[in-house]
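A.B. asks: One structure follows; several queries about it will come next.
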Amino acid sequence: MSATSVTEGARLRRIFLRVSLPFTAMSFLNQAGRIVVALVGPAIALEFGLSASGLGVLAAAFFAAYALSQLPIGLAMDLHGARRVQIVLALVAAAGFALCAVAGDPFWLAVGRFVSGIGIAGALIAVMKAHVQWYPAPRLAAVTGAAVFLGGAGALAGTLPLQTLVPLIGWRGAFWLLAALALGAAVWILLAVPKQPPGAPKPAPRRRLATEIGEFSRIFAHRQFTRFTPAVALTSGMVFTYQGLWAGPWLRDVAGLDGTARASVLLAYACGMMTGHLSSGLIASRVQAAGRDPMIVPFLGIAGMALAQAVLMTGPTDIVALHALWFVFAAVGSCGPVAYALLAQRFPPALTARVTTAMNGSMLALVFVLQSVIGLILDLWPRTAAGGWDPAGYAWALGLTLALQAGAVAWMALAPRLLGPPREA
């Protein structure tokens, strides 16, 4: 190994410690904030008397704010940098979680979820923006996968560890804990992340805000963006739809698991997400280094997600099989960040945050719709004697999303003929 490669490796490790890890703290909070309602949702529904659709809307409020914030946050990070914007967003997240903790009725709890959704909405965007600025292109997929893998520990923390704490601190204490973590992330980013990469070019002359906003039209009209976004957004959206709410009720009503067993399966789910993020990033980087199209990795994830949904429709109940199935469901569906990083390379670096938010916003808008629609489907059947929802409703909901995914794959196959060959941005 040459001295140059050793020096380069040491430099990249320093960057990961000073840049990637602080931003990953918000990814940790992002994952924990998403999953918390899946775990404490039954307690919240009981305290406030919420129906399935009401609980779905409560969870969806988080994703609605997340989705609506994507484009403005992407623009802000492209213009003002990830460091400055993410510090502000971390403080907003802290305020939102605190509001959830003190909410006296479903309305204020929904407001708190909405505010916290805005606060964590820049987590992935900041990672992408910083990585494009600090790392060479061949490293992007691998280092992004590693960062998202570490951020996925937030989903792990939101399963068995949180299940252990909730009897002691209550569901309100869980939100106070998230608020404290958000404040800590803001301080870490402020103290650790340099203001700009070494040798960064001088800022380009400022253009009119309307011109900067107009760049979104170029992104949404891009042929590769139009071709891949529906399938990638639906695959990633399914992972977050079930992690953020419906996996917990499914495990209760279809598999018949109690609280501890549900948390154990959700832990396997979170491990699957982490595994999928890390492995998809490493594989995509190797495929790209070999001169092949790395988008084959998200394609394989989409196929795996479809198979997992088909199996879930049969209503399996074996506890070992459930751990394996939900692990695979999450792992194969966690190719989204890698697809974002690969697609962002088709655009100028100055548009990285906006490209990421365009894809992420599309996915999150879909999550908002899916969480709400699944609740509406479940409410078509009478509540069970135990207060849950009919397993048939879950099967119909999975059938709907499987049909949507088949349509997205068909569009991905037909788009080159309908749209013509892709053009670079």
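Identifiers in the structure tokens: chain A, B, ... in order shown; residue index from 1 per chain; ligand index from 1 in order shown.
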I'd like the contact shell of stretch 140-148 of chain A - 9 Å cut-off, only C-alpha atoms, skipping same-chain residues fewer than 2 positions apart - returned as an MDAnalysis selection string.
C.D. replies: chainID A and resid 16 20:21 23:24 27:28 124 127:128 131:132 135:138 150:153 274 276:286 335 337:339 341:342
A.B. asks: Based on the selection just made, write N, CA and C atoms of those residues as a CSV table (one decimal), in the first residue's frame.
C.D. replies:
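What follows is the written file out_15.csv:
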```csv
chain,number,residue,atom,x,y,z
A,16,PHE,N,-15.0,11.8,7.8
A,16,PHE,CA,-16.2,11.0,8.3
A,16,PHE,C,-16.4,11.4,9.7
A,20,SER,N,-19.4,13.6,8.5
A,20,SER,CA,-20.5,12.7,8.3
A,20,SER,C,-21.2,12.3,9.6
A,21,LEU,N,-20.4,12.1,10.7
A,21,LEU,CA,-21.0,11.6,12.0
A,21,LEU,C,-21.9,12.7,12.6
A,23,PHE,N,-23.7,15.0,11.1
A,23,PHE,CA,-24.9,15.1,10.4
A,23,PHE,C,-25.7,13.8,10.5
A,24,THR,N,-25.0,12.7,10.8
A,24,THR,CA,-25.6,11.4,11.0
A,24,THR,C,-26.4,11.4,12.3
A,27,SER,N,-29.8,12.0,11.3
A,27,SER,CA,-30.4,10.9,10.7
A,27,SER,C,-30.8,9.9,11.8
A,28,PHE,N,-30.1,9.8,12.9
A,28,PHE,CA,-30.4,8.9,14.0
A,28,PHE,C,-31.8,9.4,14.6
A,124,LEU,N,-31.4,13.6,5.7
A,124,LEU,CA,-30.7,13.0,4.6
A,124,LEU,C,-30.1,14.0,3.6
A,127,VAL,N,-26.7,15.2,4.7
A,127,VAL,CA,-25.7,14.1,4.5
A,127,VAL,C,-25.3,14.1,3.0
A,128,MET,N,-26.3,14.1,2.1
A,128,MET,CA,-26.0,14.1,0.7
A,128,MET,C,-25.2,15.4,0.3
A,131,HIS,N,-21.6,15.3,1.6
A,131,HIS,CA,-20.8,14.2,1.0
A,131,HIS,C,-20.4,14.6,-0.4
A,132,VAL,N,-21.2,15.2,-1.2
A,132,VAL,CA,-20.9,15.7,-2.5
A,132,VAL,C,-19.7,16.7,-2.4
A,135,TYR,N,-16.4,14.4,-0.5
A,135,TYR,CA,-15.9,13.1,-1.0
A,135,TYR,C,-15.8,13.0,-2.5
A,136,PRO,N,-14.8,12.2,-3.0
A,136,PRO,CA,-14.8,12.0,-4.5
A,136,PRO,C,-16.0,11.2,-4.9
A,137,ALA,N,-16.4,11.3,-6.2
A,137,ALA,CA,-17.6,10.7,-6.7
A,137,ALA,C,-17.6,9.2,-6.5
A,138,PRO,N,-16.5,8.4,-6.8
A,138,PRO,CA,-16.6,7.0,-6.6
A,138,PRO,C,-16.9,6.5,-5.2
A,150,LEU,N,-25.5,4.0,10.0
A,150,LEU,CA,-25.3,4.5,11.4
A,150,LEU,C,-26.5,5.2,11.9
A,151,GLY,N,-27.1,6.1,11.0
A,151,GLY,CA,-28.3,6.8,11.4
A,151,GLY,C,-29.4,5.8,11.7
A,152,GLY,N,-29.4,4.7,11.0
A,152,GLY,CA,-30.4,3.7,11.3
A,152,GLY,C,-30.5,3.1,12.7
A,153,ALA,N,-29.4,3.4,13.4
A,153,ALA,CA,-29.4,3.0,14.8
A,153,ALA,C,-30.5,3.7,15.6
A,274,MET,N,-30.8,-1.0,8.4
A,274,MET,CA,-29.3,-0.7,8.5
A,274,MET,C,-28.5,-1.6,7.5
A,276,GLY,N,-29.6,-3.0,4.8
A,276,GLY,CA,-29.8,-2.6,3.4
A,276,GLY,C,-29.1,-1.3,3.0
A,277,HIS,N,-29.1,-0.4,3.9
A,277,HIS,CA,-28.4,0.9,3.6
A,277,HIS,C,-26.9,0.6,3.4
A,278,LEU,N,-26.3,-0.1,4.3
A,278,LEU,CA,-24.8,-0.3,4.2
A,278,LEU,C,-24.5,-1.2,3.0
A,279,SER,N,-25.2,-2.3,2.8
A,279,SER,CA,-24.8,-3.3,1.7
A,279,SER,C,-25.1,-2.7,0.4
A,280,SER,N,-26.3,-2.0,0.2
A,280,SER,CA,-26.6,-1.4,-1.1
A,280,SER,C,-25.6,-0.4,-1.5
A,281,GLY,N,-25.1,0.4,-0.5
A,281,GLY,CA,-24.1,1.5,-0.9
A,281,GLY,C,-22.8,0.8,-1.3
A,282,LEU,N,-22.3,-0.2,-0.6
A,282,LEU,CA,-21.1,-0.8,-0.9
A,282,LEU,C,-21.1,-1.5,-2.3
A,283,ILE,N,-22.3,-2.2,-2.5
A,283,ILE,CA,-22.4,-2.9,-3.8
A,283,ILE,C,-22.5,-2.0,-4.9
A,284,ALA,N,-23.3,-0.9,-4.8
A,284,ALA,CA,-23.4,0.1,-5.8
A,284,ALA,C,-22.0,0.7,-6.2
A,285,SER,N,-21.2,1.0,-5.2
A,285,SER,CA,-19.9,1.6,-5.4
A,285,SER,C,-19.0,0.7,-6.2
A,286,ARG,N,-19.1,-0.6,-5.8
A,286,ARG,CA,-18.3,-1.6,-6.6
A,286,ARG,C,-18.7,-1.8,-8.0
A,335,CYS,N,-33.0,0.8,-0.4
A,335,CYS,CA,-32.0,1.2,-1.4
A,335,CYS,C,-32.2,2.6,-1.8
A,337,PRO,N,-31.6,5.8,-0.4
A,337,PRO,CA,-30.5,6.7,-0.3
A,337,PRO,C,-29.5,6.5,-1.4
A,338,VAL,N,-29.2,5.2,-1.7
A,338,VAL,CA,-28.2,4.9,-2.7
A,338,VAL,C,-28.7,5.4,-4.1
A,339,ALA,N,-30.0,5.2,-4.4
A,339,ALA,CA,-30.6,5.7,-5.6
A,339,ALA,C,-30.5,7.2,-5.7
A,341,ALA,N,-28.2,9.1,-4.2
A,341,ALA,CA,-26.8,9.5,-4.5
A,341,ALA,C,-26.4,9.3,-5.9
A,342,LEU,N,-26.9,8.2,-6.5
A,342,LEU,CA,-26.5,7.9,-7.9
A,342,LEU,C,-27.2,8.9,-8.8
```
A.B. asks: Fewer than 4 positions away in the same chain doesn't count, so skip those; otherwise give me all residues within 12 Å of A:Ala43, counting only C-alpha atoms, as a VMD selection string.
C.D. replies: chain A and resid 36 to 39 47 to 50 55 163 166 to 167 170 to 172 249 259
A.B. asks: Write out as number ranges by chain which residues come within 10 Å of stretch 403-418 of chain A when counting only C-alpha atoms, dropping same-chain ones fewer than 4 positions away.
C.D. replies: A: 223-224, 226-235, 238, 299, 302-303, 305-306, 398-399, 422
A.B. asks: If we count only C-alpha atoms, what is near A:Ser51 at a cut-off of 12 Å, once residues fewer than 6 positions away on the same chain are taken out, given as a VMD selection string?
C.D. replies: chain A and resid 41 to 42 44 to 45 57 to 58 106 372 375 to 376 378 to 380 382 to 383 387 to 389
A.B. asks: With C-alpha atoms kept, could you save the residues just selected as a JSON list (two decimals), in the first residue's frame?
C.D. replies:
```
[["chain", "number", "residue", "atom", "x", "y", "z"],
["A", 41, "GLY", "CA", -49.24, 4.55, 19.06],
["A", 42, "PRO", "CA", -51.50, 2.01, 20.85],
["A", 44, "ILE", "CA", -51.77, 7.24, 22.41],
["A", 45, "ALA", "CA", -54.84, 5.81, 20.66],
["A", 57, "VAL", "CA", -53.52, 10.91, 10.18],
["A", 58, "LEU", "CA", -51.52, 11.58, 13.36],
["A", 106, "PRO", "CA", -54.85, 14.98, 19.50],
["A", 372, "SER", "CA", -53.79, 7.59, 5.59],
["A", 375, "GLY", "CA", -56.08, 3.51, 7.85],
["A", 376, "LEU", "CA", -59.16, 4.15, 5.71],
["A", 378, "LEU", "CA", -58.74, -0.91, 7.79],
["A", 379, "ASP", "CA", -61.76, 1.10, 8.96],
["A", 380, "LEU", "CA", -63.89, -0.62, 6.29],
["A", 382, "PRO", "CA", -65.48, -3.64, 12.16],
["A", 383, "ARG", "CA", -63.00, -3.45, 15.02],
["A", 387, "GLY", "CA", -59.84, -3.43, 19.78],
["A", 388, "GLY", "CA", -57.61, -4.07, 16.75],
["A", 389, "TRP", "CA", -58.38, -4.23, 13.04]]
```
A.B. asks: When you draw a straight line from atom CA of A:Tyr394 to atom CA of A:Ala321, how long is it in Å?
C.D. replies: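 Taking atom CA of A:Tyr394 as the start and atom CA of A:Ala321 as the end point, the length is 18.1 Å.
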A.B. asks: Taking only stretch 158-322 of chain A into account, list the residues labelled alpha helix (DSSP H) by DSSP (computed from the backbone), as a ChimeraX atom specification.
C.D. replies: /A:160-192,209-221,223-241,247-253,259-289,296-312,319-322
A.B. asks: As an exercise, work out the distance from atom CA of A:Val85 to atom CA of A:Leu364 in Å and give it to one decimal place.
C.D. replies: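 That distance, rounded to one decimal, is 20.0 Å.
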A.B. asks: Could you build a table of the residues in stretch 303-375 of chain A lying no more than 12 Å from stretch 263-271 of chain A, giving for each the nearest pair of atoms and their separation in Å rounded to one decimal place, using only C-alpha atoms, ordered by chain and ascending residue number, as CSV?
C.D. replies:
```
residue,atom,partner,partner_atom,distance
A:Thr317,CA,A:Val265,CA,11.8
A:Asp318,CA,A:Val265,CA,11.5
A:Ile319,CA,A:Val265,CA,8.3
A:Val320,CA,A:Val265,CA,9.2
A:Ala321,CA,A:Val265,CA,10.0
A:Leu322,CA,A:Val265,CA,7.0
A:His323,CA,A:Val265,CA,5.2
A:Ala324,CA,A:Ala268,CA,7.6
A:Leu325,CA,A:Tyr269,CA,8.7
A:Trp326,CA,A:Tyr269,CA,5.3
A:Phe327,CA,A:Tyr269,CA,4.6
A:Val328,CA,A:Tyr269,CA,7.9
A:Phe329,CA,A:Tyr269,CA,7.6
A:Ala330,CA,A:Tyr269,CA,5.7
A:Ala331,CA,A:Tyr269,CA,7.9
A:Val332,CA,A:Tyr269,CA,11.0
A:Gly333,CA,A:Tyr269,CA,10.8
A:Ser334,CA,A:Ala270,CA,10.3
```
A.B. asks: For those residues, write N, CA and C atoms to a file as a PDB file, in the first residue's frame.
C.D. replies:
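The new file part.pdb reads:
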```
ATOM      1  N   THR A 317     -47.572 -16.263  10.790  1.00  0.00           N
ATOM      2  CA  THR A 317     -47.619 -16.041  12.237  1.00  0.00           C
ATOM      3  C   THR A 317     -46.422 -16.631  12.988  1.00  0.00           C
ATOM      4  N   ASP A 318     -45.613 -17.465  12.343  1.00  0.00           N
ATOM      5  CA  ASP A 318     -44.454 -18.050  13.018  1.00  0.00           C
ATOM      6  C   ASP A 318     -43.479 -16.946  13.419  1.00  0.00           C
ATOM      7  N   ILE A 319     -43.062 -16.920  14.671  1.00  0.00           N
ATOM      8  CA  ILE A 319     -42.273 -15.815  15.187  1.00  0.00           C
ATOM      9  C   ILE A 319     -40.906 -15.728  14.514  1.00  0.00           C
ATOM     10  N   VAL A 320     -40.267 -16.864  14.246  1.00  0.00           N
ATOM     11  CA  VAL A 320     -38.967 -16.845  13.578  1.00  0.00           C
ATOM     12  C   VAL A 320     -39.122 -16.340  12.156  1.00  0.00           C
ATOM     13  N   ALA A 321     -40.140 -16.832  11.461  1.00  0.00           N
ATOM     14  CA  ALA A 321     -40.388 -16.393  10.091  1.00  0.00           C
ATOM     15  C   ALA A 321     -40.703 -14.896  10.041  1.00  0.00           C
ATOM     16  N   LEU A 322     -41.420 -14.395  11.047  1.00  0.00           N
ATOM     17  CA  LEU A 322     -41.766 -12.975  11.074  1.00  0.00           C
ATOM     18  C   LEU A 322     -40.526 -12.106  11.225  1.00  0.00           C
ATOM     19  N   HIS A 323     -39.602 -12.511  12.082  1.00  0.00           N
ATOM     20  CA  HIS A 323     -38.355 -11.755  12.216  1.00  0.00           C
ATOM     21  C   HIS A 323     -37.612 -11.703  10.879  1.00  0.00           C
ATOM     22  N   ALA A 324     -37.508 -12.862  10.214  1.00  0.00           N
ATOM     23  CA  ALA A 324     -36.788 -12.928   8.946  1.00  0.00           C
ATOM     24  C   ALA A 324     -37.503 -12.133   7.859  1.00  0.00           C
ATOM     25  N   LEU A 325     -38.834 -12.259   7.804  1.00  0.00           N
ATOM     26  CA  LEU A 325     -39.599 -11.617   6.744  1.00  0.00           C
ATOM     27  C   LEU A 325     -39.540 -10.096   6.849  1.00  0.00           C
ATOM     28  N   TRP A 326     -39.755  -9.562   8.048  1.00  0.00           N
ATOM     29  CA  TRP A 326     -39.715  -8.107   8.189  1.00  0.00           C
ATOM     30  C   TRP A 326     -38.296  -7.560   8.054  1.00  0.00           C
ATOM     31  N   PHE A 327     -37.293  -8.367   8.422  1.00  0.00           N
ATOM     32  CA  PHE A 327     -35.899  -7.976   8.171  1.00  0.00           C
ATOM     33  C   PHE A 327     -35.662  -7.809   6.673  1.00  0.00           C
ATOM     34  N   VAL A 328     -36.095  -8.811   5.893  1.00  0.00           N
ATOM     35  CA  VAL A 328     -35.908  -8.748   4.439  1.00  0.00           C
ATOM     36  C   VAL A 328     -36.719  -7.602   3.839  1.00  0.00           C
ATOM     37  N   PHE A 329     -37.952  -7.443   4.284  1.00  0.00           N
ATOM     38  CA  PHE A 329     -38.811  -6.355   3.806  1.00  0.00           C
ATOM     39  C   PHE A 329     -38.088  -5.014   3.931  1.00  0.00           C
ATOM     40  N   ALA A 330     -37.499  -4.768   5.108  1.00  0.00           N
ATOM     41  CA  ALA A 330     -36.819  -3.494   5.337  1.00  0.00           C
ATOM     42  C   ALA A 330     -35.497  -3.407   4.579  1.00  0.00           C
ATOM     43  N   ALA A 331     -34.763  -4.512   4.507  1.00  0.00           N
ATOM     44  CA  ALA A 331     -33.442  -4.492   3.869  1.00  0.00           C
ATOM     45  C   ALA A 331     -33.541  -4.199   2.377  1.00  0.00           C
ATOM     46  N   VAL A 332     -34.416  -4.917   1.684  1.00  0.00           N
ATOM     47  CA  VAL A 332     -34.497  -4.733   0.232  1.00  0.00           C
ATOM     48  C   VAL A 332     -35.130  -3.393  -0.123  1.00  0.00           C
ATOM     49  N   GLY A 333     -35.952  -2.844   0.792  1.00  0.00           N
ATOM     50  CA  GLY A 333     -36.574  -1.556   0.514  1.00  0.00           C
ATOM     51  C   GLY A 333     -35.721  -0.361   0.868  1.00  0.00           C
ATOM     52  N   SER A 334     -34.537  -0.606   1.446  1.00  0.00           N
ATOM     53  CA  SER A 334     -33.690   0.492   1.923  1.00  0.00           C
ATOM     54  C   SER A 334     -32.630   0.906   0.915  1.00  0.00           C
TER      55      SER A 334
END
```
A.B. asks: Mind giving me the straight-line distance from atom CA of A:Leu307 to atom CA of A:Ala157 in Å, one decimal?
C.D. replies: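 Calculated distance between atom CA of A:Leu307 and atom CA of A:Ala157 is 27.8 Å.
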A.B. asks: Would you mind listing what lies within 12 Å of A:Gly173 as a PyMOL selection string, with only C-alpha atoms counted and same-chain residues fewer than 2 positions away left out?
C.D. replies: chain A and resi 36+40+97-103+162-163+165-171+175-180
A.B. asks: With N, CA and C atoms kept, could you save the residues just selected as a short mmCIF file (atom, residue, chain, number, x, y, z; two decimals), in the first residue's frame?
C.D. replies:
```
data_model
loop_
_atom_site.label_atom_id
_atom_site.label_comp_id
_atom_site.auth_asym_id
_atom_site.auth_seq_id
_atom_site.Cartn_x
_atom_site.Cartn_y
_atom_site.Cartn_z
N VAL A 36 -41.30 6.08 16.52
CA VAL A 36 -41.82 6.19 17.89
C VAL A 36 -43.33 5.97 17.96
N VAL A 40 -45.47 3.57 20.47
CA VAL A 40 -46.35 4.14 21.51
C VAL A 40 -47.73 4.47 20.97
N PHE A 97 -40.75 18.05 19.23
CA PHE A 97 -40.85 16.91 20.14
C PHE A 97 -41.32 17.34 21.53
N ALA A 98 -40.86 18.51 21.97
CA ALA A 98 -41.31 19.02 23.27
C ALA A 98 -42.81 19.30 23.26
N LEU A 99 -43.30 19.82 22.14
CA LEU A 99 -44.74 20.08 22.03
C LEU A 99 -45.53 18.79 22.08
N CYS A 100 -45.02 17.73 21.45
CA CYS A 100 -45.68 16.42 21.55
C CYS A 100 -45.76 15.96 23.00
N ALA A 101 -44.68 16.20 23.73
CA ALA A 101 -44.60 15.72 25.11
C ALA A 101 -45.63 16.38 26.02
N VAL A 102 -46.00 17.63 25.72
CA VAL A 102 -46.93 18.35 26.60
C VAL A 102 -48.34 18.43 26.03
N ALA A 103 -48.57 17.81 24.85
CA ALA A 103 -49.87 17.93 24.18
C ALA A 103 -50.99 17.38 25.06
N LEU A 162 -36.51 1.48 23.63
CA LEU A 162 -37.60 2.39 23.99
C LEU A 162 -38.73 1.64 24.67
N GLN A 163 -39.02 0.43 24.20
CA GLN A 163 -40.06 -0.39 24.83
C GLN A 163 -39.74 -0.63 26.31
N LEU A 165 -38.01 1.48 28.18
CA LEU A 165 -38.10 2.74 28.91
C LEU A 165 -39.53 3.24 29.08
N VAL A 166 -40.40 2.94 28.12
CA VAL A 166 -41.74 3.52 28.14
C VAL A 166 -42.51 3.25 29.44
N PRO A 167 -42.44 2.03 30.01
CA PRO A 167 -43.15 1.83 31.28
C PRO A 167 -42.64 2.76 32.39
N LEU A 168 -41.39 3.23 32.27
CA LEU A 168 -40.81 4.09 33.29
C LEU A 168 -41.07 5.57 33.03
N ILE A 169 -41.01 5.96 31.75
CA ILE A 169 -41.12 7.39 31.43
C ILE A 169 -42.41 7.74 30.70
N GLY A 170 -43.17 6.74 30.24
CA GLY A 170 -44.41 7.00 29.52
C GLY A 170 -44.15 7.47 28.10
N TRP A 171 -45.23 7.53 27.31
CA TRP A 171 -45.04 7.97 25.92
C TRP A 171 -44.62 9.43 25.85
N PHE A 175 -41.00 11.40 24.03
CA PHE A 175 -40.86 12.61 23.23
C PHE A 175 -39.90 13.61 23.88
N TRP A 176 -39.88 13.69 25.23
CA TRP A 176 -38.90 14.55 25.89
C TRP A 176 -37.48 14.08 25.59
N LEU A 177 -37.28 12.77 25.54
CA LEU A 177 -35.97 12.23 25.22
C LEU A 177 -35.53 12.63 23.81
N LEU A 178 -36.46 12.56 22.86
CA LEU A 178 -36.15 12.96 21.48
C LEU A 178 -35.80 14.45 21.42
N ALA A 179 -36.50 15.27 22.20
CA ALA A 179 -36.20 16.70 22.22
C ALA A 179 -34.78 16.95 22.72
N ALA A 180 -34.36 16.24 23.75
CA ALA A 180 -33.00 16.41 24.27
C ALA A 180 -31.96 15.98 23.24
#
```
A.B. asks: Smallest atom-to-atom distance to A:Leu89: which of A:Val355, A:Ala308, A:Leu156, A:Ile189, using only C-alpha atoms?
C.D. replies: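 Closest to A:Leu89, using only C-alpha atoms: A:Ile189.
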